[in-house]
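Content type compact mmCIF, C-alpha atoms and all ligand atoms, from the file run.txt:
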```txt
# COMPACT_ATOMS: atom_id res chain seq x y z
CA MET D 1 -58.65 -97.01 222.31
CA VAL D 2 -56.49 -93.91 222.12
CA HIS D 3 -55.00 -92.46 225.29
CA SER D 4 -54.65 -88.71 225.49
CA GLN D 5 -50.87 -88.96 225.89
CA ASP D 6 -50.65 -90.80 222.57
CA VAL D 7 -52.09 -87.88 220.62
CA HIS D 8 -49.79 -85.28 222.13
CA ARG D 9 -49.84 -83.07 219.00
CA GLY D 10 -47.99 -85.74 217.14
CA ALA D 11 -44.77 -85.05 219.03
CA PRO D 12 -42.75 -88.11 219.90
CA ASN D 13 -42.73 -89.01 223.54
CA CYS D 14 -39.23 -87.95 224.50
CA LYS D 15 -39.13 -90.15 227.54
CA ASP D 16 -39.79 -93.25 225.49
CA HIS D 17 -37.42 -92.31 222.69
CA GLY D 18 -34.67 -91.25 225.03
CA ALA D 19 -34.18 -87.93 223.15
CA VAL D 20 -33.82 -85.89 226.33
CA PRO D 21 -32.28 -87.29 229.51
CA GLU D 22 -34.89 -87.57 232.24
CA ASN D 23 -32.92 -85.48 234.71
CA HIS D 24 -32.34 -82.66 232.24
CA THR D 25 -32.83 -79.35 234.03
CA PRO D 26 -31.22 -76.18 232.73
CA THR D 27 -28.52 -74.85 235.03
CA PRO D 28 -28.37 -71.13 235.87
CA ASP D 29 -25.24 -70.99 233.73
CA SER D 30 -26.96 -72.40 230.67
CA LEU D 31 -29.93 -70.05 231.17
CA ARG D 32 -27.54 -67.13 231.44
CA LEU D 33 -25.82 -68.21 228.25
CA VAL D 34 -29.08 -68.46 226.31
CA ALA D 35 -30.23 -65.10 227.74
CA LYS D 36 -26.97 -63.47 226.63
CA ALA D 37 -27.34 -64.91 223.13
CA LEU D 38 -30.93 -63.68 222.96
CA GLU D 39 -29.94 -60.26 224.24
CA TRP D 40 -27.19 -59.99 221.67
CA ALA D 41 -29.47 -61.13 218.84
CA LEU D 42 -32.09 -58.52 219.82
CA SER D 43 -29.53 -55.73 220.11
CA MET D 44 -28.22 -56.66 216.64
CA HIS D 45 -31.78 -56.52 215.26
CA LEU D 46 -31.49 -60.03 213.89
CA PRO D 47 -34.83 -61.17 212.48
CA ILE D 48 -36.06 -63.08 215.52
CA ARG D 49 -39.30 -62.52 217.37
CA PRO D 50 -39.17 -64.09 220.84
CA VAL D 51 -42.57 -64.73 222.42
CA PRO D 52 -43.27 -62.54 225.49
CA SER D 53 -43.11 -65.47 227.93
CA MET D 54 -39.59 -66.22 226.70
CA LEU D 55 -38.50 -62.63 227.36
CA ILE D 56 -40.03 -62.76 230.85
CA ALA D 57 -38.24 -66.03 231.60
CA PHE D 58 -34.86 -64.73 230.53
CA SER D 59 -35.19 -61.08 231.55
CA PRO D 60 -33.47 -61.57 234.97
CA PHE D 61 -30.34 -62.55 233.05
CA MET D 62 -30.60 -59.81 230.43
CA THR D 63 -28.76 -56.89 231.90
CA ASN D 64 -28.21 -54.73 228.85
CA LEU D 65 -31.53 -54.91 227.09
CA ARG D 66 -32.91 -51.45 226.61
CA LYS D 67 -34.29 -49.53 223.68
CA GLN D 68 -31.62 -47.91 221.60
CA ARG D 69 -31.95 -44.12 221.55
CA ILE D 70 -31.80 -42.41 218.20
CA LEU D 71 -31.22 -38.69 217.95
CA ILE D 72 -33.05 -37.19 214.96
CA VAL D 73 -32.16 -33.64 213.96
CA GLU D 74 -34.58 -32.46 211.27
CA ASP D 75 -36.33 -29.10 210.93
CA GLU D 76 -39.28 -30.29 208.80
CA PRO D 77 -41.90 -31.36 211.36
CA SER D 78 -43.62 -33.81 208.97
CA ILE D 79 -40.36 -35.58 208.09
CA LEU D 80 -39.32 -35.64 211.75
CA ASP D 81 -42.65 -37.17 212.78
CA ASN D 82 -42.50 -39.80 210.04
CA ILE D 83 -38.98 -40.86 210.95
CA ALA D 84 -39.74 -40.93 214.68
CA TYR D 85 -42.89 -42.99 214.10
CA SER D 86 -41.08 -45.48 211.90
CA LEU D 87 -38.18 -45.88 214.35
CA GLU D 88 -40.55 -46.27 217.28
CA THR D 89 -42.42 -49.02 215.43
CA GLU D 90 -39.11 -50.81 215.00
CA GLY D 91 -38.48 -50.76 218.76
CA PHE D 92 -36.19 -47.73 219.00
CA ASP D 93 -36.48 -44.77 221.35
CA PRO D 94 -36.36 -41.74 219.01
CA VAL D 95 -35.60 -38.24 220.30
CA GLY D 96 -36.35 -35.38 217.90
CA CYS D 97 -34.64 -31.98 217.68
CA THR D 98 -35.31 -29.27 215.10
CA THR D 99 -32.01 -27.34 215.39
CA GLY D 100 -28.33 -28.18 215.79
CA GLY D 101 -28.18 -26.11 218.96
CA ASP D 102 -31.02 -28.06 220.51
CA ALA D 103 -29.29 -31.35 219.57
CA LEU D 104 -25.96 -30.32 221.10
CA GLY D 105 -27.75 -29.20 224.25
CA ARG D 106 -29.25 -32.67 224.65
CA PHE D 107 -26.20 -34.60 223.52
CA ASP D 108 -25.15 -35.58 227.05
CA GLU D 109 -28.35 -37.61 227.42
CA GLY D 110 -26.58 -40.40 225.56
CA PHE D 111 -27.57 -41.78 222.16
CA ASP D 112 -26.81 -44.88 220.12
CA LEU D 113 -27.01 -43.22 216.70
CA ALA D 114 -27.80 -39.82 215.19
CA VAL D 115 -29.75 -38.99 212.03
CA LEU D 116 -28.71 -35.51 210.90
CA ASP D 117 -30.44 -33.43 208.26
CA VAL D 118 -27.80 -31.47 206.33
CA GLY D 119 -29.95 -28.37 205.84
CA LEU D 120 -30.77 -27.11 209.32
CA PRO D 121 -31.81 -23.54 210.25
CA ASP D 122 -28.85 -22.73 212.55
CA VAL D 123 -25.84 -24.88 211.54
CA SER D 124 -25.42 -27.39 208.72
CA GLY D 125 -25.64 -31.09 209.53
CA PHE D 126 -21.98 -31.37 208.50
CA GLU D 127 -20.95 -28.71 211.04
CA LEU D 128 -23.00 -30.50 213.66
CA CYS D 129 -21.24 -33.77 212.80
CA LYS D 130 -17.83 -32.13 213.17
CA GLU D 131 -18.87 -30.85 216.58
CA ILE D 132 -20.08 -34.32 217.64
CA ARG D 133 -16.88 -35.96 216.32
CA LYS D 134 -14.76 -33.85 218.69
CA THR D 135 -15.91 -36.02 221.56
CA SER D 136 -17.78 -39.00 220.16
CA LEU D 137 -17.74 -41.88 217.68
CA LEU D 138 -21.55 -41.99 217.63
CA PRO D 139 -22.72 -43.56 214.34
CA ILE D 140 -24.16 -40.82 212.11
CA ILE D 141 -26.49 -41.00 209.11
CA PHE D 142 -26.97 -37.84 207.05
CA LEU D 143 -30.19 -36.83 205.34
CA THR D 144 -29.53 -34.66 202.35
CA ALA D 145 -31.73 -33.08 199.71
CA ARG D 146 -28.77 -32.76 197.36
CA ALA D 147 -27.82 -35.96 195.62
CA SER D 148 -24.57 -34.75 194.10
CA GLU D 149 -21.56 -37.01 194.53
CA LEU D 150 -19.69 -34.14 196.19
CA ASP D 151 -22.15 -33.97 199.04
CA ARG D 152 -21.99 -37.71 199.56
CA ILE D 153 -18.22 -37.81 199.74
CA VAL D 154 -18.01 -34.72 201.94
CA GLY D 155 -20.53 -36.31 204.29
CA LEU D 156 -18.43 -39.43 204.63
CA GLU D 157 -15.16 -37.51 204.91
CA ILE D 158 -16.25 -35.50 207.87
CA GLY D 159 -17.22 -38.59 209.77
CA GLY D 160 -20.65 -39.77 208.63
CA ASP D 161 -21.29 -43.50 208.50
CA ASP D 162 -24.03 -43.43 205.87
CA TYR D 163 -26.36 -40.98 204.13
CA MET D 164 -29.78 -40.93 202.57
CA VAL D 165 -31.02 -38.67 199.81
CA LYS D 166 -34.47 -37.08 200.18
CA PRO D 167 -37.13 -38.09 199.47
CA PHE D 168 -36.72 -41.47 201.14
CA SER D 169 -39.05 -43.91 202.79
CA PRO D 170 -38.90 -43.89 206.60
CA ARG D 171 -38.84 -47.69 206.45
CA GLU D 172 -35.70 -47.61 204.35
CA LEU D 173 -34.13 -45.23 206.86
CA SER D 174 -35.02 -47.64 209.69
CA ALA D 175 -33.31 -50.43 207.75
CA ARG D 176 -30.19 -48.27 207.33
CA VAL D 177 -30.24 -47.40 211.04
CA LYS D 178 -30.27 -51.10 211.90
CA ALA D 179 -27.51 -51.87 209.40
CA VAL D 180 -25.25 -49.10 210.75
CA LEU D 181 -25.91 -50.14 214.35
CA ARG D 182 -25.13 -53.75 213.46
CA ARG D 183 -21.83 -52.94 211.84
CA CYS D 184 -20.81 -50.47 214.54
CA GLY D 185 -22.01 -52.63 217.42
CA GLU D 186 -20.72 -56.00 216.29
CA PRO D 187 -18.76 -57.53 219.17
CA GLU D 188 -15.14 -56.94 218.34
CA PRO D 189 -12.64 -59.73 218.64
CA ILE D 190 -10.22 -58.87 221.41
CA ILE D 191 -6.87 -58.28 219.87
CA HIS D 192 -4.01 -59.46 221.94
CA GLU D 193 -1.43 -58.58 219.32
CA PRO D 194 0.33 -55.46 220.47
CA THR D 195 0.46 -52.52 218.09
CA PRO D 196 3.50 -53.08 215.91
CA SER D 197 6.51 -51.84 217.78
CA GLY D 198 8.55 -49.09 216.28
CA LEU D 199 5.53 -47.29 214.84
CA PRO D 200 4.26 -44.08 216.43
CA LEU D 201 0.74 -45.48 216.49
CA GLN D 202 -1.11 -46.88 219.52
CA ILE D 203 -4.52 -48.44 219.21
CA ASP D 204 -6.64 -48.61 222.32
CA ASP D 205 -9.49 -51.04 221.72
CA GLU D 206 -11.17 -50.34 225.02
CA ARG D 207 -11.36 -46.59 224.55
CA ILE D 208 -11.72 -46.93 220.74
CA GLN D 209 -8.91 -44.44 220.39
CA VAL D 210 -5.87 -44.10 218.20
CA THR D 211 -2.85 -42.14 219.36
CA TYR D 212 -0.65 -40.98 216.51
CA TYR D 213 2.58 -39.18 217.34
CA SER D 214 1.21 -38.69 220.87
CA GLU D 215 -1.96 -37.05 219.56
CA ILE D 216 -5.39 -38.64 219.76
CA LEU D 217 -6.99 -38.80 216.31
CA SER D 218 -10.65 -37.85 216.02
CA LEU D 219 -11.90 -40.73 213.88
CA SER D 220 -15.26 -42.02 212.76
CA SER D 221 -16.02 -45.62 213.72
CA THR D 222 -15.32 -46.72 210.14
CA GLU D 223 -11.95 -44.96 210.07
CA PHE D 224 -11.03 -46.50 213.41
CA ARG D 225 -11.81 -49.99 212.09
CA LEU D 226 -9.85 -49.37 208.90
CA LEU D 227 -6.77 -48.14 210.71
CA ARG D 228 -6.92 -50.94 213.24
CA LEU D 229 -7.10 -53.51 210.45
CA PHE D 230 -4.09 -51.96 208.72
CA ALA D 231 -2.13 -51.84 211.97
CA ARG D 232 -2.52 -55.58 212.56
CA HIS D 233 -0.34 -56.33 209.55
CA PRO D 234 1.75 -53.38 208.42
CA GLY D 235 2.93 -53.91 204.87
CA ARG D 236 0.04 -56.17 203.96
CA VAL D 237 -1.94 -54.89 200.99
CA TYR D 238 -5.71 -55.03 201.37
CA THR D 239 -7.91 -54.77 198.29
CA ARG D 240 -10.96 -52.52 198.44
CA THR D 241 -13.15 -55.62 198.52
CA GLN D 242 -11.17 -57.09 201.44
CA LEU D 243 -11.47 -53.80 203.30
CA MET D 244 -15.21 -53.66 202.70
CA ASN D 245 -15.63 -57.25 203.87
CA SER D 246 -13.54 -56.72 207.00
CA VAL D 247 -14.63 -53.27 208.05
CA TRP D 248 -18.19 -53.00 206.73
CA LYS D 249 -20.52 -55.57 208.19
CA GLU D 250 -22.80 -55.22 205.17
CA PRO D 251 -20.28 -54.81 202.38
CA GLU D 252 -22.90 -55.12 199.67
CA ALA D 253 -24.32 -51.80 200.88
CA ALA D 254 -20.98 -50.03 200.36
CA MET D 255 -19.24 -49.04 197.17
CA GLU D 256 -15.55 -49.25 196.34
CA ARG D 257 -15.51 -45.47 196.09
CA THR D 258 -16.74 -45.35 199.68
CA VAL D 259 -13.52 -47.07 200.74
CA ASP D 260 -11.51 -44.43 198.87
CA ALA D 261 -13.47 -41.65 200.59
CA HIS D 262 -12.80 -43.05 204.05
CA ILE D 263 -9.10 -43.60 203.28
CA LYS D 264 -8.85 -40.04 201.99
CA SER D 265 -10.39 -38.74 205.19
CA LEU D 266 -8.16 -40.95 207.38
CA ARG D 267 -5.08 -39.66 205.54
CA ALA D 268 -6.17 -36.06 205.99
CA LYS D 269 -6.57 -36.56 209.73
CA MET D 270 -3.13 -38.18 210.05
CA LYS D 271 -1.63 -35.47 207.87
CA ALA D 272 -3.07 -32.81 210.16
CA VAL D 273 -0.89 -34.24 212.94
CA LYS D 274 2.27 -34.82 210.85
CA PRO D 275 2.06 -33.12 207.43
CA GLU D 276 5.31 -34.60 206.08
CA ILE D 277 4.28 -38.22 206.66
CA ASP D 278 1.72 -40.37 204.81
CA PRO D 279 1.76 -43.79 206.49
CA ILE D 280 -0.93 -45.24 204.19
CA GLU D 281 0.37 -46.53 200.89
CA THR D 282 -1.75 -46.74 197.74
CA HIS D 283 -1.00 -49.78 195.61
CA ARG D 284 -2.37 -48.84 192.21
CA GLY D 285 -4.91 -51.28 190.89
CA MET D 286 -4.63 -53.32 194.10
CA GLY D 287 -5.54 -51.48 197.26
CA TYR D 288 -4.06 -49.98 200.40
CA ALA D 289 -1.54 -50.88 203.11
CA LEU D 290 -0.02 -49.34 206.18
CA LYS D 291 3.71 -48.80 205.56
CA GLU D 292 5.95 -51.05 207.62
CA ARG D 293 8.26 -48.17 208.41
CA TRP D 294 7.92 -44.46 208.03
CA CA I 301 -33.98 -29.24 206.41
```
Output the structure of this file as structure tokens.
Amino acid sequence: MVHSQDVHRGAPNCKDHGAVPENHTPTPDSLRLVAKALEWALSMHLPIRPVPSMLIAFSPFMTNLRKQRILIVEDEPSILDNIAYSLETEGFDPVGCTTGGDALGRFDEGFDLAVLDVGLPDVSGFELCKEIRKTSLLPIIFLTARASELDRIVGLEIGGDDYMVKPFSPRELSARVKAVLRRCGEPEPIIHEPTPSGLPLQIDDERIQVTYYSEILSLSSTEFRLLRLFARHPGRVYTRTQLMNSVWKEPEAAMERTVDAHIKSLRAKMKAVKPEIDPIETHRGMGYALKERW
């Protein structure tokens, strides 16, 4: 005769096998820990699909879970609709604007990432990016109809984090959005090492700000990460591959030339403050380093 408890979906009876202690009850601390891990995994868009009951159970401990807001600035209604639909399906909260002016007017609403078309009716997407960069490190992806290398490099130099050439599939754009958010939102290790003394460079990890000769540099998130990496070990030469692996969370998506473009832009911004000084050294055939003294 078979008792119902013996055919419990084939699972071993934990009590009999001693796999779980009988008095095992999760403590509020352990629940909080699991909720935090789940919250982080969801915000990073890791490929997990928690069942609804799990989300309900942990939701009291999940304080930061909200849909990430994506600003889309695109004047072609059909492209705008397609992008918005695709992002919404992926769990984002898309907000569409058809002009740069409209986007700037709504900028204070707070966004997690912006997708900017380069060819807009009032200002170019590049101009709009420059305007945004005056006050914000918001991750930016450009949409451009022109595939020339020049446009790509210019886009990165003025502070874009990625770009897509039209025509593109909205699903691919959603994947890029997730990748950029992941690499920009990765929890940063807290650095207790002070900025090297004797250098006119202060790095503020909390404000994500770099002060260079008493002036705050207006950097993209990628440039900030590059400069911070250099500043940890002045004099140390980093190869392009090392820089991609340390600064880009998905290095396979970047190209070595992308590193050069970001370094070029970083140099230009530092040069704008102090034209006679170039604190970044190029080691031909090797890579880049921050000079130990300048
Ligand atoms: Ca357009």
Between CA of Leu290 (chain D) and CA of Ile277 (chain D), measure the distance and give it in Å to one decimal.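 Spanning CA of Leu290 (chain D) to CA of Ile277 (chain D) is a straight-line distance of 11.9 Å.
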Using all atoms listed in the file, which residues of the polymer chains come no farther than 6 Å from ligand CA 301 (chain I)? I'd like the answer as a count of residues only. 6
Atomic separation - CA of Ala41 (chain D) relative to CA of Asp204 (chain D), Å: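 Distance between the two atoms: 26.3 Å.
In terms of minimum interatomic distance to Leu87 (chain D), D:Arg176 ranks closest within D:Lys130, D:Arg176, D:Arg32, D:Arg236, counting all atoms listed in the file.
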Tell me, in Å to one decimal, how far CA of Leu226 (chain D) is from CA of Tyr163 (chain D).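 Atom-to-atom, CA of Leu226 (chain D) to CA of Tyr163 (chain D), that is 19.1 Å.
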Can you list, as a PyMOL selection string, every protein, DNA or RNA residue that comes within 10 Å of Thr282 (chain D) when you count only C-alpha atoms, leaving out same-chain residues fewer than 6 positions away? chain D and resi 237-238+263+288-291
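The residue that comes closest to Arg257 (chain D), out of D:Arg106, D:Arg240, D:Lys269, D:Arg69 and on the basis of all atoms listed in the file, is D:Arg240.
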